[in-house]
file protein-v6.cif (mmCIF, C-alpha atoms)
data_run
loop_
_atom_site.group_PDB
_atom_site.id
_atom_site.type_symbol
_atom_site.label_atom_id
_atom_site.label_comp_id
_atom_site.auth_asym_id
_atom_site.auth_seq_id
_atom_site.Cartn_x
_atom_site.Cartn_y
_atom_site.Cartn_z
ATOM 1 C CA MET Z 9 15.194 38.553 -186.428
ATOM 2 C CA GLN Z 10 13.234 38.368 -183.201
ATOM 3 C CA HIS Z 11 14.667 40.272 -180.216
ATOM 4 C CA THR Z 12 13.555 40.168 -176.586
ATOM 5 C CA LEU Z 13 14.289 43.352 -174.667
ATOM 6 C CA SER Z 14 14.193 43.695 -170.917
ATOM 7 C CA VAL Z 15 13.777 47.394 -170.178
ATOM 8 C CA LEU Z 16 13.883 48.784 -166.646
ATOM 9 C CA VAL Z 17 11.955 52.058 -166.414
ATOM 10 C CA GLU Z 18 10.841 54.492 -163.767
ATOM 11 C CA ASN Z 19 7.311 53.567 -162.703
ATOM 12 C CA LYS Z 20 5.664 56.797 -163.887
ATOM 13 C CA PRO Z 21 2.658 57.688 -166.057
ATOM 14 C CA GLY Z 22 3.326 57.919 -169.798
ATOM 15 C CA VAL Z 23 6.472 55.791 -169.955
ATOM 16 C CA LEU Z 24 4.733 52.888 -171.690
ATOM 17 C CA ALA Z 25 3.136 55.240 -174.222
ATOM 18 C CA ARG Z 26 6.502 56.840 -175.078
ATOM 19 C CA VAL Z 27 8.174 53.462 -175.556
ATOM 20 C CA ALA Z 28 5.333 52.105 -177.717
ATOM 21 C CA GLU Z 29 5.302 55.316 -179.771
ATOM 22 C CA LEU Z 30 9.017 54.966 -180.509
ATOM 23 C CA PHE Z 31 8.408 51.532 -182.052
ATOM 24 C CA ALA Z 32 5.325 52.760 -183.936
ATOM 25 C CA ARG Z 33 7.206 55.734 -185.451
ATOM 26 C CA ARG Z 34 9.812 53.326 -186.788
ATOM 27 C CA GLY Z 35 7.105 51.063 -188.231
ATOM 28 C CA PHE Z 36 7.999 48.091 -186.028
ATOM 29 C CA ASN Z 37 5.294 45.845 -184.708
ATOM 30 C CA ILE Z 38 5.614 44.841 -181.067
ATOM 31 C CA GLU Z 39 5.015 41.068 -181.052
ATOM 32 C CA SER Z 40 4.659 40.885 -177.273
ATOM 33 C CA LEU Z 41 4.669 43.401 -174.438
ATOM 34 C CA ALA Z 42 4.489 42.636 -170.727
ATOM 35 C CA VAL Z 43 4.905 45.272 -168.036
ATOM 36 C CA GLY Z 44 4.957 44.986 -164.260
ATOM 37 C CA THR Z 45 6.641 46.361 -161.187
ATOM 38 C CA THR Z 46 9.877 44.845 -159.938
ATOM 39 C CA ASP Z 47 10.993 44.223 -156.365
ATOM 40 C CA ARG Z 48 11.151 48.020 -156.124
ATOM 41 C CA PRO Z 49 7.756 49.756 -156.467
ATOM 42 C CA ASP Z 50 9.344 52.778 -158.202
ATOM 43 C CA ILE Z 51 10.782 50.620 -161.040
ATOM 44 C CA SER Z 52 8.912 48.573 -163.652
ATOM 45 C CA ARG Z 53 10.220 45.980 -166.095
ATOM 46 C CA MET Z 54 9.009 45.962 -169.689
ATOM 47 C CA THR Z 55 9.614 42.795 -171.657
ATOM 48 C CA ILE Z 56 9.287 43.710 -175.326
ATOM 49 C CA VAL Z 57 9.500 41.235 -178.198
ATOM 50 C CA VAL Z 58 10.043 42.724 -181.671
ATOM 51 C CA ASP Z 59 10.890 41.225 -185.041
ATOM 52 C CA VAL Z 60 13.383 43.587 -186.722
ATOM 53 C CA ALA Z 61 16.637 43.464 -188.666
ATOM 54 C CA ASP Z 62 19.759 43.752 -186.531
ATOM 55 C CA LYS Z 63 20.773 47.122 -188.022
ATOM 56 C CA SER Z 64 17.338 48.672 -187.400
ATOM 57 C CA PHE Z 65 17.254 47.131 -183.937
ATOM 58 C CA GLU Z 66 20.456 48.947 -182.935
ATOM 59 C CA GLN Z 67 18.903 52.272 -183.993
ATOM 60 C CA VAL Z 68 15.806 51.616 -181.893
ATOM 61 C CA ARG Z 69 17.912 50.548 -178.939
ATOM 62 C CA LYS Z 70 19.949 53.783 -179.096
ATOM 63 C CA GLN Z 71 16.761 55.843 -179.290
ATOM 64 C CA LEU Z 72 15.286 53.965 -176.315
ATOM 65 C CA HIS Z 73 18.337 54.947 -174.268
ATOM 66 C CA LYS Z 74 17.583 58.611 -175.017
ATOM 67 C CA LEU Z 75 14.023 58.412 -173.656
ATOM 68 C CA ILE Z 76 13.277 59.954 -170.291
ATOM 69 C CA ASN Z 77 12.624 57.422 -167.501
ATOM 70 C CA ILE Z 78 14.616 54.564 -169.127
ATOM 71 C CA ILE Z 79 17.039 53.061 -166.600
ATOM 72 C CA GLU Z 80 18.512 49.999 -168.321
ATOM 73 C CA ILE Z 81 18.036 48.043 -171.556
ATOM 74 C CA THR Z 82 19.120 44.430 -171.972
ATOM 75 C CA ASP Z 83 18.830 42.411 -175.193
ATOM 76 C CA LEU Z 84 18.093 38.921 -173.887
ATOM 77 C CA GLU Z 85 19.568 36.141 -175.974
ATOM 78 C CA PRO Z 86 17.357 33.009 -175.821
ATOM 79 C CA GLN Z 87 20.166 30.717 -174.607
ATOM 80 C CA ARG Z 88 21.078 33.184 -171.823
ATOM 81 C CA ALA Z 89 17.570 33.916 -170.577
ATOM 82 C CA VAL Z 90 14.575 32.262 -168.981
ATOM 83 C CA GLU Z 91 11.385 33.116 -170.878
ATOM 84 C CA ARG Z 92 7.791 32.231 -170.027
ATOM 85 C CA GLU Z 93 4.253 33.076 -171.049
ATOM 86 C CA LEU Z 94 0.939 32.439 -169.348
ATOM 87 C CA MET Z 95 -2.179 31.359 -171.211
ATOM 88 C CA LEU Z 96 -5.714 31.040 -169.885
ATOM 89 C CA ILE Z 97 -7.876 29.008 -172.222
ATOM 90 C CA LYS Z 98 -11.542 28.053 -171.979
ATOM 91 C CA ILE Z 99 -12.064 24.717 -173.715
ATOM 92 C CA LYS Z 100 -15.406 23.218 -174.708
ATOM 93 C CA VAL Z 101 -15.883 19.789 -173.170
ATOM 94 C CA LYS Z 102 -18.542 17.147 -173.563
ATOM 95 C CA LYS Z 103 -19.097 14.290 -171.170
ATOM 96 C CA GLU Z 104 -17.284 11.941 -173.568
ATOM 97 C CA SER Z 105 -14.237 14.156 -174.109
ATOM 98 C CA ARG Z 106 -13.712 15.599 -170.615
ATOM 99 C CA SER Z 107 -11.195 12.923 -169.536
ATOM 100 C CA GLU Z 108 -9.231 13.293 -172.800
ATOM 101 C CA VAL Z 109 -8.922 17.047 -172.300
ATOM 102 C CA ILE Z 110 -7.839 16.574 -168.670
ATOM 103 C CA GLU Z 111 -5.179 14.106 -169.848
ATOM 104 C CA VAL Z 112 -3.789 16.660 -172.331
ATOM 105 C CA VAL Z 113 -3.777 19.300 -169.566
ATOM 106 C CA ASP Z 114 -1.790 16.927 -167.316
ATOM 107 C CA ILE Z 115 0.729 16.142 -170.068
ATOM 108 C CA PHE Z 116 1.408 19.868 -170.513
ATOM 109 C CA ARG Z 117 1.531 20.407 -166.738
ATOM 110 C CA GLY Z 118 -1.415 22.755 -166.987
ATOM 111 C CA LYS Z 119 -3.694 23.637 -164.130
ATOM 112 C CA ILE Z 120 -7.473 23.449 -164.247
ATOM 113 C CA ILE Z 121 -8.747 26.730 -162.805
ATOM 114 C CA ASP Z 122 -12.502 26.433 -163.348
ATOM 115 C CA VAL Z 123 -14.934 23.701 -164.347
ATOM 116 C CA SER Z 124 -18.472 23.990 -165.627
ATOM 117 C CA LYS Z 125 -20.901 21.613 -167.286
ATOM 118 C CA ASP Z 126 -19.721 22.376 -170.820
ATOM 119 C CA SER Z 127 -16.253 23.922 -170.429
ATOM 120 C CA ILE Z 128 -13.066 24.064 -168.391
ATOM 121 C CA ILE Z 129 -10.613 26.921 -167.966
ATOM 122 C CA VAL Z 130 -6.964 25.916 -167.972
ATOM 123 C CA GLU Z 131 -3.811 27.813 -167.017
ATOM 124 C CA VAL Z 132 -0.676 26.826 -168.923
ATOM 125 C CA THR Z 133 2.753 28.412 -168.544
ATOM 126 C CA GLY Z 134 5.873 27.872 -170.573
ATOM 127 C CA SER Z 135 7.565 28.843 -173.801
ATOM 128 C CA SER Z 136 5.629 30.242 -176.735
ATOM 129 C CA GLU Z 137 6.155 26.954 -178.550
ATOM 130 C CA LYS Z 138 4.698 24.940 -175.670
ATOM 131 C CA LEU Z 139 1.604 27.147 -175.515
ATOM 132 C CA ARG Z 140 1.155 26.947 -179.293
ATOM 133 C CA ALA Z 141 1.421 23.128 -179.162
ATOM 134 C CA PHE Z 142 -1.155 22.953 -176.350
ATOM 135 C CA GLU Z 143 -3.517 25.243 -178.237
ATOM 136 C CA ASP Z 144 -3.158 23.115 -181.392
ATOM 137 C CA LEU Z 145 -3.970 19.919 -179.461
ATOM 138 C CA VAL Z 146 -7.097 21.240 -177.728
ATOM 139 C CA ARG Z 147 -8.430 23.066 -180.799
ATOM 140 C CA GLN Z 148 -10.210 19.863 -181.871
ATOM 141 C CA TYR Z 149 -12.423 20.073 -178.770
ATOM 142 C CA GLY Z 150 -13.263 23.720 -179.374
ATOM 143 C CA ILE Z 151 -11.832 26.876 -177.874
ATOM 144 C CA LYS Z 152 -14.376 29.265 -176.393
ATOM 145 C CA GLU Z 153 -11.927 31.943 -175.238
ATOM 146 C CA LEU Z 154 -8.184 32.427 -175.003
ATOM 147 C CA ALA Z 155 -5.926 35.027 -173.356
ATOM 148 C CA ARG Z 156 -2.116 35.183 -173.313
ATOM 149 C CA THR Z 157 0.113 37.441 -171.257
ATOM 150 C CA GLY Z 158 2.960 37.911 -173.675
ATOM 151 C CA ARG Z 159 6.496 36.888 -172.905
ATOM 152 C CA VAL Z 160 8.273 37.743 -169.657
ATOM 153 C CA ALA Z 161 11.981 37.061 -169.345
ATOM 154 C CA LEU Z 162 15.005 37.403 -167.085
ATOM 155 C CA SER Z 163 18.673 36.841 -167.864
ATOM 156 C CA ARG Z 164 20.229 33.735 -166.351
ATOM 157 C CA GLY Z 165 22.701 33.856 -163.491
#

call {"tool": "encode", "arguments": {"input": "protein-v6.cif", "output": "structure tokens"}}
result
Amino acid sequence: MQHTLSVLVENKPGVLARVAELFARRGFNIESLAVGTTDRPDISRMTIVVDVADKSFEQVRKQLHKLINIIEITDLEPQRAVERELMLIKIKVKKESRSEVIEVVDIFRGKIIDVSKDSIIVEVTGSSEKLRAFEDLVRQYGIKELARTGRVALSRG
């Protein structure tokens, strides 16, 4: 089962490495990892997405609590959280297909960031499913490059 963890940590060197190592030792693959400071510069938020069985997940969660510099761990349930990802994608465009690509970008509420003679760079934010659907639609035109941030999430309310 996929779990999204919101982990508040002290903003100090080595914290990310210790957290990642804990998952690696257990043999769990981190599906997505996004880290950034919060409204307080001394605290960072890690949003970690892992696909593990519930029983194994509880073990990892308990071990996370034991790590130095961990402040708070929250398991975000999808219905009780707001989750988003950012994707930058460079799409090949020809003169004939440029307007079609722009139309798809508009439908997905994307933002054109850069335009050149043979490509455009688009920013799209939303759920993982939305980004996957956008990527599938523009694949026919050709994808030159793609970068995704990984999921960030906050609990509702």

call {"tool": "resolve_selection", "arguments": {"input": "protein-v6.cif", "expression": "the PyMOL selection byres ((chain Z and resi 59) around 6)", "output": "list in words"}}
result
Met9, Gln10, Val58 and Val60 of chain Z

call {"tool": "residues_around", "arguments": {"input": "protein-v6.cif", "residues": "Lys119 of chain Z", "least_positions_apart": "4", "cutoff": "7 Å", "atoms": "only C-alpha atoms", "output": "VMD selection string"}}
result
chain Z and resid 113 130 to 132

call {"tool": "closest_residue", "arguments": {"input": "protein-v6.cif", "among": "Z:Val160, Z:Ile128, Z:Lys20, Z:Leu13", "to": "Glu93 of chain Z", "atoms": "only C-alpha atoms"}}
result
Z:Val160

call {"tool": "residues_around", "arguments": {"input": "protein-v6.cif", "residues": "Val23 of chain Z", "least_positions_apart": "4", "cutoff": "9 Å", "atoms": "all atoms listed in the file", "output": "ChimeraX atom specification"}}
result
/Z:17-19,27-28,75-78

call {"tool": "closest_residue", "arguments": {"input": "protein-v6.cif", "among": "Z:Glu111, Z:Val68, Z:Leu145, Z:Leu94", "to": "Glu29 of chain Z", "atoms": "only C-alpha atoms"}}
result
Z:Val68

call {"tool": "resolve_selection", "arguments": {"input": "protein-v6.cif", "expression": "the PyMOL selection byres ((chain Z and resi 64) around 12)", "output": "tab-separated table (two decimals) with C-alpha atoms, keeping the file's coordinate frame"}}
result
chain	number	residue	atom	x	y	z
Z	9	MET	CA	15.19	38.55	-186.43
Z	10	GLN	CA	13.23	38.37	-183.20
Z	11	HIS	CA	14.67	40.27	-180.22
Z	31	PHE	CA	8.41	51.53	-182.05
Z	34	ARG	CA	9.81	53.33	-186.79
Z	35	GLY	CA	7.10	51.06	-188.23
Z	36	PHE	CA	8.00	48.09	-186.03
Z	58	VAL	CA	10.04	42.72	-181.67
Z	59	ASP	CA	10.89	41.22	-185.04
Z	60	VAL	CA	13.38	43.59	-186.72
Z	61	ALA	CA	16.64	43.46	-188.67
Z	62	ASP	CA	19.76	43.75	-186.53
Z	63	LYS	CA	20.77	47.12	-188.02
Z	65	PHE	CA	17.25	47.13	-183.94
Z	66	GLU	CA	20.46	48.95	-182.94
Z	67	GLN	CA	18.90	52.27	-183.99
Z	68	VAL	CA	15.81	51.62	-181.89
Z	69	ARG	CA	17.91	50.55	-178.94
Z	70	LYS	CA	19.95	53.78	-179.10
Z	71	GLN	CA	16.76	55.84	-179.29

call {"tool": "closest_residue", "arguments": {"input": "protein-v6.cif", "among": "Z:Lys74, Z:Leu16, Z:Glu80, Z:Val146", "to": "Arg48 of chain Z", "atoms": "all atoms listed in the file"}}
result
Z:Leu16

call {"tool": "residues_around", "arguments": {"input": "protein-v6.cif", "residues": "Ile120 of chain Z", "least_positions_apart": "3", "cutoff": "12 Å", "atoms": "only C-alpha atoms", "output": "VMD selection string"}}
result
chain Z and resid 95 to 99 106 109 to 114 116 to 117 123 to 124 127 to 132

call {"tool": "write_last_selection", "arguments": {"input": "protein-v6.cif", "atoms": "C-alpha atoms", "output": "compact mmCIF listing (two decimals), in the coordinates of the input"}}
result
# COMPACT_ATOMS: atom_id res chain seq x y z
CA MET Z 95 -2.18 31.36 -171.21
CA LEU Z 96 -5.71 31.04 -169.88
CA ILE Z 97 -7.88 29.01 -172.22
CA LYS Z 98 -11.54 28.05 -171.98
CA ILE Z 99 -12.06 24.72 -173.72
CA ARG Z 106 -13.71 15.60 -170.62
CA VAL Z 109 -8.92 17.05 -172.30
CA ILE Z 110 -7.84 16.57 -168.67
CA GLU Z 111 -5.18 14.11 -169.85
CA VAL Z 112 -3.79 16.66 -172.33
CA VAL Z 113 -3.78 19.30 -169.57
CA ASP Z 114 -1.79 16.93 -167.32
CA PHE Z 116 1.41 19.87 -170.51
CA ARG Z 117 1.53 20.41 -166.74
CA VAL Z 123 -14.93 23.70 -164.35
CA SER Z 124 -18.47 23.99 -165.63
CA SER Z 127 -16.25 23.92 -170.43
CA ILE Z 128 -13.07 24.06 -168.39
CA ILE Z 129 -10.61 26.92 -167.97
CA VAL Z 130 -6.96 25.92 -167.97
CA GLU Z 131 -3.81 27.81 -167.02
CA VAL Z 132 -0.68 26.83 -168.92

call {"tool": "atom_distance", "arguments": {"input": "protein-v6.cif", "atom1": "atom CA of Leu41 of chain Z", "atom2": "atom CA of Ala141 of chain Z"}}
result
21.1 Å

call {"tool": "atom_distance", "arguments": {"input": "protein-v6.cif", "atom1": "atom CA of Glu153 of chain Z", "atom2": "atom CA of Ile56 of chain Z"}}
result
24.3 Å

call {"tool": "closest_residue", "arguments": {"input": "protein-v6.cif", "among": "Z:Gly158, Z:Pro21, Z:Gly150, Z:Gly165", "to": "Val101 of chain Z", "atoms": "only C-alpha atoms"}}
result
Z:Gly150

call {"tool": "closest_residue", "arguments": {"input": "protein-v6.cif", "among": "Z:His73, Z:Ser135, Z:Asn37, Z:Arg88", "to": "Val57 of chain Z", "atoms": "all atoms listed in the file"}}
result
Z:Asn37

call {"tool": "atom_distance", "arguments": {"input": "protein-v6.cif", "atom1": "atom CA of Thr157 of chain Z", "atom2": "atom CA of Asp50 of chain Z"}}
result
22.2 Å

call {"tool": "closest_residue", "arguments": {"input": "protein-v6.cif", "among": "Z:Lys102, Z:Arg33, Z:Ile51, Z:Ala155", "to": "Lys125 of chain Z", "atoms": "all atoms listed in the file"}}
result
Z:Lys102

call {"tool": "resolve_selection", "arguments": {"input": "protein-v6.cif", "expression": "the PyMOL selection byres ((chain Z and resi 53) around 6)", "output": "MDAnalysis selection string"}}
result
chainID Z and resid 15:16 43:44 52 54
